[in-house]
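Participant: Okay, here's the structure, questions in a sec.
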Amino acid sequence: QFIKHIPCLKCGSSDGNSIYTDNHQYCHVCNNYIDGDGIETKQKVSPMRNFTNYDNLTSSSISDRGISASTCLAYGVKQDDTKHYYPYFDADGAIAGLKVRHCADKSFAIQGDWKATTLFGQNKFAKGGRNVTIHEGELDALAGFQMAGSKYPHVSVKNGASAALKDCKANFEYIDSFENIHLCFDGDEAGQKAMMSVAELFGSKAKMMKMRQGYKDACDYLKHDRNKEFISDWWASEKYVPDGIIEGSTLWEIVSKPMEKAEVDYPYAGLNKLTYGIRKGELVMVT
């Protein structure tokens, strides 16, 4: 966490350098980095990185969405009087970009090296584990995390429904490291279409959450204090099955019925014993 601005011995700036609680320093003027032990190291930093305003802010609640200050603090989300700041990190866990939401008109602006960023919240949760939940937006990821007890991985795609597939492809290795991938996208047409395309990417690992009537996204559940309903609908997420594919586990009644008498026998007793002859509607491949 940012403590204060200090002079930089490298470039001479009087207040461009910053010191943090783990004692590392970073200068926003010359990009010089000194680790917590006082050793100057080379750090891959975009020349566009300048988050001084963000560093000086603190995390507070987002009351109109029901999101607590502790949830915002967990994800590094900060606010001022007119804007929200959502931090995005690179694959090494260093902050690389910010998405800035203007509260008045709900517009967004991007700062930093956006191409280097991973999914929102990805830096917070290590690879692997049983479940990860992917949302369509940052506020929904915060809401889902809070309703689930502030323990389990909830992340968000970077650029909304239209680029959800692209974002998930770019972070495929991370997402695919989890046993189950829950998709909690908006209930509108765009969100459902995006959710289906992402589900196709991960196949049988994907589980699609269906929003109940009257709720568009995770924020709607939290705003109306429907935490239990959200968890219930999360557990009821439907496993993705490609069109035209029927799982064998659903066919027990069919496969347990006695087989119809063969209309034609093979001229080989051993083959008849294995296949019970030839019936209509069956495909036989000879190799």
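Within each chain, counting starts at residue 1; across the structure tokens, chains are named A, B, ... in the order shown, with ligands numbered 1 upward in that order.
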Taking the DSSP secondary structure from the backbone, can you list the residues of region 2-229 of chain A that are strand (DSSP E), as a JSON list (two decimals) with N, CA and C atoms, in the first residue's frame?
Facilitator:
[["chain", "number", "residue", "atom", "x", "y", "z"],
["A", 2, "PHE", "N", 0.44, 2.26, -0.79],
["A", 2, "PHE", "CA", 1.17, 3.52, -0.90],
["A", 2, "PHE", "C", 1.20, 4.23, 0.46],
["A", 3, "ILE", "N", 2.40, 4.80, 0.80],
["A", 3, "ILE", "CA", 2.54, 5.57, 2.05],
["A", 3, "ILE", "C", 2.61, 7.06, 1.74],
["A", 4, "LYS", "N", 3.63, 7.45, 0.96],
["A", 4, "LYS", "CA", 3.79, 8.87, 0.66],
["A", 4, "LYS", "C", 4.77, 9.05, -0.49],
["A", 5, "HIS", "N", 4.83, 10.27, -1.03],
["A", 5, "HIS", "CA", 5.79, 10.63, -2.06],
["A", 5, "HIS", "C", 7.08, 11.12, -1.40],
["A", 6, "ILE", "N", 8.21, 10.74, -2.01],
["A", 6, "ILE", "CA", 9.52, 11.13, -1.50],
["A", 6, "ILE", "C", 10.41, 11.53, -2.67],
["A", 17, "ASN", "N", 9.01, 10.14, -6.55],
["A", 17, "ASN", "CA", 9.23, 8.80, -6.02],
["A", 17, "ASN", "C", 8.15, 8.45, -5.00],
["A", 18, "SER", "N", 7.81, 7.17, -4.88],
["A", 18, "SER", "CA", 6.79, 6.71, -3.94],
["A", 18, "SER", "C", 7.35, 5.59, -3.08],
["A", 19, "ILE", "N", 6.97, 5.57, -1.84],
["A", 19, "ILE", "CA", 7.38, 4.49, -0.94],
["A", 19, "ILE", "C", 6.14, 3.76, -0.45],
["A", 20, "TYR", "N", 6.27, 2.43, -0.30],
["A", 20, "TYR", "CA", 5.13, 1.57, 0.03],
["A", 20, "TYR", "C", 5.39, 0.83, 1.34],
["A", 25, "GLN", "N", 10.35, 1.13, -3.37],
["A", 25, "GLN", "CA", 10.16, 2.47, -3.91],
["A", 25, "GLN", "C", 9.96, 2.39, -5.42],
["A", 26, "TYR", "N", 9.17, 3.30, -5.92],
["A", 26, "TYR", "CA", 8.99, 3.40, -7.37],
["A", 26, "TYR", "C", 8.83, 4.86, -7.76],
["A", 27, "CYS", "N", 9.64, 5.29, -8.73],
["A", 27, "CYS", "CA", 9.58, 6.67, -9.20],
["A", 27, "CYS", "C", 8.73, 6.75, -10.46],
["A", 33, "TYR", "N", 13.07, 1.57, -9.92],
["A", 33, "TYR", "CA", 12.46, 0.70, -8.92],
["A", 33, "TYR", "C", 13.51, 0.21, -7.93],
["A", 34, "ILE", "N", 13.21, 0.31, -6.65],
["A", 34, "ILE", "CA", 14.10, -0.18, -5.60],
["A", 34, "ILE", "C", 13.29, -1.12, -4.72],
["A", 40, "GLU", "N", 18.43, -1.73, -6.11],
["A", 40, "GLU", "CA", 17.87, -1.20, -7.34],
["A", 40, "GLU", "C", 17.82, -2.31, -8.38],
["A", 41, "THR", "N", 16.66, -2.56, -8.93],
["A", 41, "THR", "CA", 16.51, -3.63, -9.92],
["A", 41, "THR", "C", 15.82, -3.09, -11.16],
["A", 78, "LYS", "N", -10.43, 1.79, -5.78],
["A", 78, "LYS", "CA", -10.43, 3.04, -5.01],
["A", 78, "LYS", "C", -11.40, 4.04, -5.65],
["A", 79, "GLN", "N", -11.76, 5.07, -4.88],
["A", 79, "GLN", "CA", -12.73, 6.06, -5.35],
["A", 79, "GLN", "C", -12.32, 7.47, -4.94],
["A", 83, "LYS", "N", -15.18, 9.49, -9.45],
["A", 83, "LYS", "CA", -14.71, 8.36, -10.25],
["A", 83, "LYS", "C", -14.39, 7.13, -9.39],
["A", 84, "HIS", "N", -14.46, 5.97, -10.05],
["A", 84, "HIS", "CA", -13.98, 4.72, -9.48],
["A", 84, "HIS", "C", -12.74, 4.29, -10.25],
["A", 85, "TYR", "N", -11.78, 3.69, -9.56],
["A", 85, "TYR", "CA", -10.54, 3.24, -10.20],
["A", 85, "TYR", "C", -10.39, 1.73, -9.99],
["A", 86, "TYR", "N", -10.38, 0.98, -11.09],
["A", 86, "TYR", "CA", -10.24, -0.47, -11.02],
["A", 86, "TYR", "C", -8.84, -0.85, -11.52],
["A", 87, "PRO", "N", -7.99, -1.40, -10.64],
["A", 87, "PRO", "CA", -6.62, -1.73, -11.05],
["A", 87, "PRO", "C", -6.54, -3.05, -11.80],
["A", 88, "TYR", "N", -5.72, -3.08, -12.80],
["A", 88, "TYR", "CA", -5.44, -4.29, -13.57],
["A", 88, "TYR", "C", -3.94, -4.58, -13.49],
["A", 89, "PHE", "N", -3.60, -5.87, -13.36],
["A", 89, "PHE", "CA", -2.22, -6.27, -13.15],
["A", 89, "PHE", "C", -1.71, -7.10, -14.32],
["A", 95, "ILE", "N", 1.01, -3.82, -11.08],
["A", 95, "ILE", "CA", -0.07, -3.04, -11.65],
["A", 95, "ILE", "C", 0.37, -2.46, -12.99],
["A", 96, "ALA", "N", -0.46, -2.66, -14.00],
["A", 96, "ALA", "CA", -0.09, -2.25, -15.36],
["A", 96, "ALA", "C", -1.11, -1.31, -15.98],
["A", 97, "GLY", "N", -2.32, -1.29, -15.47],
["A", 97, "GLY", "CA", -3.34, -0.42, -16.06],
["A", 97, "GLY", "C", -4.47, -0.14, -15.09],
["A", 98, "LEU", "N", -5.23, 0.88, -15.42],
["A", 98, "LEU", "CA", -6.41, 1.26, -14.63],
["A", 98, "LEU", "C", -7.59, 1.44, -15.57],
["A", 99, "LYS", "N", -8.76, 0.99, -15.10],
["A", 99, "LYS", "CA", -10.00, 1.36, -15.77],
["A", 99, "LYS", "C", -10.68, 2.37, -14.86],
["A", 100, "VAL", "N", -10.96, 3.54, -15.39],
["A", 100, "VAL", "CA", -11.53, 4.63, -14.60],
["A", 100, "VAL", "C", -12.99, 4.82, -15.01],
["A", 101, "ARG", "N", -13.89, 4.67, -14.05],
["A", 101, "ARG", "CA", -15.32, 4.82, -14.32],
["A", 101, "ARG", "C", -15.79, 6.16, -13.81],
["A", 102, "HIS", "N", -16.34, 6.97, -14.72],
["A", 102, "HIS", "CA", -16.91, 8.27, -14.35],
["A", 102, "HIS", "C", -18.35, 8.05, -13.91],
["A", 107, "SER", "N", -19.33, 6.44, -18.01],
["A", 107, "SER", "CA", -18.36, 6.20, -19.07],
["A", 107, "SER", "C", -17.05, 5.68, -18.46],
["A", 108, "PHE", "N", -16.21, 5.10, -19.33],
["A", 108, "PHE", "CA", -14.95, 4.52, -18.87],
["A", 108, "PHE", "C", -13.78, 5.13, -19.62],
["A", 109, "ALA", "N", -12.64, 5.18, -18.96],
["A", 109, "ALA", "CA", -11.38, 5.58, -19.58],
["A", 109, "ALA", "C", -10.31, 4.58, -19.15],
["A", 110, "ILE", "N", -9.32, 4.41, -19.99],
["A", 110, "ILE", "CA", -8.25, 3.44, -19.73],
["A", 110, "ILE", "C", -6.92, 4.17, -19.54],
["A", 111, "GLN", "N", -6.16, 3.73, -18.56],
["A", 111, "GLN", "CA", -4.83, 4.27, -18.33],
["A", 111, "GLN", "C", -3.82, 3.13, -18.27],
["A", 112, "GLY", "N", -2.58, 3.41, -18.69],
["A", 112, "GLY", "CA", -1.51, 2.43, -18.56],
["A", 112, "GLY", "C", -1.36, 1.53, -19.78],
["A", 131, "ASN", "N", -12.92, -24.15, -8.21],
["A", 131, "ASN", "CA", -13.86, -23.29, -8.92],
["A", 131, "ASN", "C", -13.30, -21.89, -9.15],
["A", 132, "VAL", "N", -13.61, -21.34, -10.31],
["A", 132, "VAL", "CA", -13.40, -19.93, -10.59],
["A", 132, "VAL", "C", -14.68, -19.42, -11.24],
["A", 133, "THR", "N", -15.07, -18.20, -10.90],
["A", 133, "THR", "CA", -16.28, -17.60, -11.50],
["A", 133, "THR", "C", -15.87, -16.39, -12.31],
["A", 134, "ILE", "N", -16.32, -16.35, -13.56],
["A", 134, "ILE", "CA", -15.99, -15.26, -14.47],
["A", 134, "ILE", "C", -17.24, -14.40, -14.68],
["A", 135, "HIS", "N", -17.08, -13.10, -14.47],
["A", 135, "HIS", "CA", -18.18, -12.15, -14.64],
["A", 135, "HIS", "C", -17.93, -11.27, -15.86],
["A", 154, "HIS", "N", -13.29, -14.86, -7.89],
["A", 154, "HIS", "CA", -14.24, -14.20, -8.79],
["A", 154, "HIS", "C", -13.46, -13.18, -9.59],
["A", 155, "VAL", "N", -13.49, -13.31, -10.92],
["A", 155, "VAL", "CA", -12.74, -12.41, -11.79],
["A", 155, "VAL", "C", -13.69, -11.86, -12.85],
["A", 156, "SER", "N", -13.19, -10.92, -13.64],
["A", 156, "SER", "CA", -14.02, -10.32, -14.69],
["A", 156, "SER", "C", -13.21, -10.19, -15.97],
["A", 180, "ASN", "N", -13.55, -26.39, -12.33],
["A", 180, "ASN", "CA", -14.86, -25.94, -12.80],
["A", 180, "ASN", "C", -14.81, -24.44, -13.09],
["A", 181, "ILE", "N", -15.36, -24.05, -14.23],
["A", 181, "ILE", "CA", -15.34, -22.66, -14.66],
["A", 181, "ILE", "C", -16.78, -22.16, -14.73],
["A", 182, "HIS", "N", -17.19, -21.39, -13.73],
["A", 182, "HIS", "CA", -18.56, -20.88, -13.67],
["A", 182, "HIS", "C", -18.64, -19.56, -14.43],
["A", 183, "LEU", "N", -19.59, -19.46, -15.33],
["A", 183, "LEU", "CA", -19.76, -18.26, -16.15],
["A", 183, "LEU", "C", -21.01, -17.53, -15.66],
["A", 184, "CYS", "N", -20.80, -16.33, -15.14],
["A", 184, "CYS", "CA", -21.89, -15.54, -14.55],
["A", 184, "CYS", "C", -22.02, -14.24, -15.34],
["A", 206, "ALA", "N", -17.00, -25.91, -18.29],
["A", 206, "ALA", "CA", -17.82, -24.69, -18.16],
["A", 206, "ALA", "C", -19.17, -24.99, -17.56],
["A", 207, "LYS", "N", -19.60, -24.13, -16.63],
["A", 207, "LYS", "CA", -20.92, -24.21, -16.02],
["A", 207, "LYS", "C", -21.57, -22.84, -16.14],
["A", 208, "MET", "N", -22.74, -22.79, -16.74],
["A", 208, "MET", "CA", -23.39, -21.53, -17.06],
["A", 208, "MET", "C", -24.48, -21.21, -16.05]]
Participant: Taking the backbone alone, and naming residues the way the document does, which bits of region 184-225 of chain A are alpha helix (DSSP H) by DSSP, as a list in words?
Facilitator: Glu189, Ala190, Gly191, Gln192, Lys193, Ala194, Met195, Met196, Ser197, Val198, Ala199, Glu200, Leu201, Phe202, Ala218, Cys219, Asp220, Tyr221, Leu222 and Lys223 of chain A
Participant: Since we have the selection now, will you write its residues out, keeping N, CA and C atoms, as an mmCIF file, in the first residue's frame?
Facilitator:
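Saved result, out-v2.cif, follows:
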data_model
loop_
_atom_site.group_PDB
_atom_site.id
_atom_site.type_symbol
_atom_site.label_atom_id
_atom_site.label_comp_id
_atom_site.auth_asym_id
_atom_site.auth_seq_id
_atom_site.Cartn_x
_atom_site.Cartn_y
_atom_site.Cartn_z
ATOM 1 N N GLU A 189 -29.302 -10.429 -24.025
ATOM 2 C CA GLU A 189 -28.929 -11.204 -25.212
ATOM 3 C C GLU A 189 -27.424 -11.201 -25.444
ATOM 4 N N ALA A 190 -26.796 -10.025 -25.303
ATOM 5 C CA ALA A 190 -25.351 -9.919 -25.532
ATOM 6 C C ALA A 190 -24.567 -10.768 -24.526
ATOM 7 N N GLY A 191 -24.990 -10.722 -23.257
ATOM 8 C CA GLY A 191 -24.306 -11.494 -22.231
ATOM 9 C C GLY A 191 -24.447 -12.986 -22.444
ATOM 10 N N GLN A 192 -25.643 -13.438 -22.822
ATOM 11 C CA GLN A 192 -25.867 -14.863 -23.031
ATOM 12 C C GLN A 192 -25.099 -15.382 -24.246
ATOM 13 N N LYS A 193 -25.025 -14.581 -25.277
ATOM 14 C CA LYS A 193 -24.270 -14.965 -26.465
ATOM 15 C C LYS A 193 -22.783 -15.078 -26.143
ATOM 16 N N ALA A 194 -22.262 -14.112 -25.381
ATOM 17 C CA ALA A 194 -20.857 -14.142 -24.987
ATOM 18 C C ALA A 194 -20.573 -15.340 -24.080
ATOM 19 N N MET A 195 -21.486 -15.625 -23.166
ATOM 20 C CA MET A 195 -21.303 -16.758 -22.255
ATOM 21 C C MET A 195 -21.229 -18.072 -23.017
ATOM 22 N N MET A 196 -22.048 -18.235 -24.034
ATOM 23 C CA MET A 196 -22.034 -19.459 -24.818
ATOM 24 C C MET A 196 -20.716 -19.628 -25.570
ATOM 25 N N SER A 197 -20.188 -18.517 -26.108
ATOM 26 C CA SER A 197 -18.925 -18.603 -26.854
ATOM 27 C C SER A 197 -17.765 -18.958 -25.926
ATOM 28 N N VAL A 198 -17.779 -18.434 -24.696
ATOM 29 C CA VAL A 198 -16.724 -18.766 -23.731
ATOM 30 C C VAL A 198 -16.885 -20.206 -23.261
ATOM 31 N N ALA A 199 -18.120 -20.655 -23.081
ATOM 32 C CA ALA A 199 -18.364 -22.042 -22.668
ATOM 33 C C ALA A 199 -17.821 -23.018 -23.701
ATOM 34 N N GLU A 200 -17.991 -22.698 -24.973
ATOM 35 C CA GLU A 200 -17.467 -23.561 -26.034
ATOM 36 C C GLU A 200 -15.942 -23.673 -25.956
ATOM 37 N N LEU A 201 -15.300 -22.612 -25.481
ATOM 38 C CA LEU A 201 -13.843 -22.601 -25.382
ATOM 39 C C LEU A 201 -13.348 -23.610 -24.342
ATOM 40 N N PHE A 202 -14.098 -23.761 -23.239
ATOM 41 C CA PHE A 202 -13.644 -24.615 -22.142
ATOM 42 C C PHE A 202 -14.395 -25.942 -22.038
ATOM 43 N N ALA A 218 -24.922 -10.067 -11.173
ATOM 44 C CA ALA A 218 -24.608 -10.299 -9.763
ATOM 45 C C ALA A 218 -24.890 -9.066 -8.910
ATOM 46 N N CYS A 219 -24.659 -7.884 -9.459
ATOM 47 C CA CYS A 219 -24.920 -6.648 -8.712
ATOM 48 C C CYS A 219 -26.386 -6.519 -8.333
ATOM 49 N N ASP A 220 -27.288 -6.975 -9.202
ATOM 50 C CA ASP A 220 -28.714 -6.902 -8.897
ATOM 51 C C ASP A 220 -29.050 -7.763 -7.676
ATOM 52 N N TYR A 221 -28.439 -8.934 -7.606
ATOM 53 C CA TYR A 221 -28.679 -9.804 -6.439
ATOM 54 C C TYR A 221 -28.227 -9.107 -5.160
ATOM 55 N N LEU A 222 -27.012 -8.540 -5.186
ATOM 56 C CA LEU A 222 -26.466 -7.918 -3.990
ATOM 57 C C LEU A 222 -27.252 -6.670 -3.598
ATOM 58 N N LYS A 223 -27.617 -5.878 -4.586
ATOM 59 C CA LYS A 223 -28.335 -4.625 -4.335
ATOM 60 C C LYS A 223 -29.680 -4.886 -3.646
#
Participant: Sorted by chain and rising residue number, which residues of region 120-161 of chain A lie within 9 Å of region 55-71 of chain A, and what are their closest atom pairs and distances in Å to one decimal, counting only C-alpha atoms, as a Markdown table?
Facilitator:
| residue | atom | partner | partner_atom | distance |
| --- | --- | --- | --- | --- |
| A:Leu139 | CA | A:Arg65 | CA | 8.1 |
| A:Leu142 | CA | A:Thr71 | CA | 6.5 |
| A:Ala143 | CA | A:Ile67 | CA | 6.3 |
| A:Phe145 | CA | A:Thr71 | CA | 7.8 |
| A:Gln146 | CA | A:Thr71 | CA | 6.4 |
| A:Ser150 | CA | A:Thr71 | CA | 7.4 |
Participant: Include all heavy atoms and write out the residues we just selected as an mmCIF file, in the first residue's frame.
Facilitator:
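The resulting file, selection-v3.cif, is shown below:
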data_model
loop_
_atom_site.group_PDB
_atom_site.id
_atom_site.type_symbol
_atom_site.label_atom_id
_atom_site.label_comp_id
_atom_site.auth_asym_id
_atom_site.auth_seq_id
_atom_site.Cartn_x
_atom_site.Cartn_y
_atom_site.Cartn_z
ATOM 1 N N LEU A 139 -17.707 -4.612 -11.298
ATOM 2 C CA LEU A 139 -18.647 -4.504 -10.180
ATOM 3 C C LEU A 139 -19.315 -5.845 -9.884
ATOM 4 O O LEU A 139 -19.556 -6.189 -8.721
ATOM 5 C CB LEU A 139 -19.696 -3.434 -10.476
ATOM 6 C CG LEU A 139 -19.219 -1.982 -10.397
ATOM 7 C CD1 LEU A 139 -20.262 -1.043 -10.989
ATOM 8 C CD2 LEU A 139 -18.890 -1.577 -8.971
ATOM 9 N N LEU A 142 -16.883 -8.020 -7.968
ATOM 10 C CA LEU A 142 -16.855 -7.609 -6.562
ATOM 11 C C LEU A 142 -18.089 -8.122 -5.823
ATOM 12 O O LEU A 142 -17.987 -8.639 -4.703
ATOM 13 C CB LEU A 142 -16.799 -6.076 -6.472
ATOM 14 C CG LEU A 142 -15.571 -5.377 -7.044
ATOM 15 C CD1 LEU A 142 -15.756 -3.862 -6.993
ATOM 16 C CD2 LEU A 142 -14.306 -5.769 -6.295
ATOM 17 N N ALA A 143 -19.245 -7.991 -6.446
ATOM 18 C CA ALA A 143 -20.495 -8.429 -5.819
ATOM 19 C C ALA A 143 -20.501 -9.935 -5.613
ATOM 20 O O ALA A 143 -20.889 -10.433 -4.544
ATOM 21 C CB ALA A 143 -21.690 -7.996 -6.673
ATOM 22 N N PHE A 145 -17.940 -11.999 -5.377
ATOM 23 C CA PHE A 145 -16.943 -12.327 -4.350
ATOM 24 C C PHE A 145 -17.517 -12.083 -2.951
ATOM 25 O O PHE A 145 -17.378 -12.921 -2.052
ATOM 26 C CB PHE A 145 -15.701 -11.467 -4.575
ATOM 27 C CG PHE A 145 -14.648 -11.586 -3.511
ATOM 28 C CD1 PHE A 145 -13.809 -12.692 -3.456
ATOM 29 C CD2 PHE A 145 -14.472 -10.576 -2.572
ATOM 30 C CE1 PHE A 145 -12.823 -12.796 -2.475
ATOM 31 C CE2 PHE A 145 -13.492 -10.674 -1.587
ATOM 32 C CZ PHE A 145 -12.671 -11.788 -1.542
ATOM 33 N N GLN A 146 -18.176 -10.968 -2.773
ATOM 34 C CA GLN A 146 -18.727 -10.610 -1.460
ATOM 35 C C GLN A 146 -19.853 -11.565 -1.056
ATOM 36 O O GLN A 146 -19.894 -12.034 0.097
ATOM 37 C CB GLN A 146 -19.243 -9.172 -1.501
ATOM 38 C CG GLN A 146 -19.754 -8.647 -0.169
ATOM 39 C CD GLN A 146 -20.051 -7.152 -0.226
ATOM 40 O OE1 GLN A 146 -19.225 -6.355 -0.672
ATOM 41 N NE2 GLN A 146 -21.237 -6.762 0.204
ATOM 42 N N SER A 150 -16.412 -13.848 0.429
ATOM 43 C CA SER A 150 -15.096 -13.185 0.296
ATOM 44 C C SER A 150 -13.933 -14.168 0.415
ATOM 45 O O SER A 150 -12.899 -13.855 1.010
ATOM 46 C CB SER A 150 -14.957 -12.072 1.343
ATOM 47 O OG SER A 150 -15.997 -11.136 1.212
#
Participant: Mind pulling up the distance from CA of Ala164 (chain A) to CA of Ser232 (chain A)?
Facilitator: 24.7 Å
Participant: Sorted by chain and rising residue number, list the residues of region 140-174 of chain A at most 9 Å from region 224-228 of chain A (counting only C-alpha atoms), each with its closest atom pair and distance in Å to one decimal, as JSON lines.
Facilitator:
{"residue": "A:Gly144", "atom": "CA", "partner": "A:Asn227", "partner_atom": "CA", "distance": 8.9}
{"residue": "A:Gln146", "atom": "CA", "partner": "A:Asn227", "partner_atom": "CA", "distance": 8.9}
{"residue": "A:Met147", "atom": "CA", "partner": "A:Asn227", "partner_atom": "CA", "distance": 5.4}
{"residue": "A:Ala148", "atom": "CA", "partner": "A:Asn227", "partner_atom": "CA", "distance": 7.9}
Participant: Show me, as a ChimeraX atom specification, the residues that have an atom within 10 Å of Lys261 (chain A) when counting only C-alpha atoms, minus same-chain residues fewer than 3 positions from it.
Facilitator: /A:258,264-265,276-279
Participant: Rounded to one decimal, what separation in Å do you get between CA of Ser177 (chain A) and CA of Lys127 (chain A)?
Facilitator: 5.9 Å
Participant: I'd like the interatomic distance between CA of Ile245 (chain A) and CA of Val286 (chain A), to a tenth of an Å.
Facilitator: 23.5 Å
Participant: For each of A:Ala91, A:Phe120, A:Asp15, A:Ser162, take the minimum atom-to-atom distance to Gly76 (chain A), counting only C-alpha atoms, then give the residue where this is smallest.
Facilitator: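 Closest candidate: A:Phe120.
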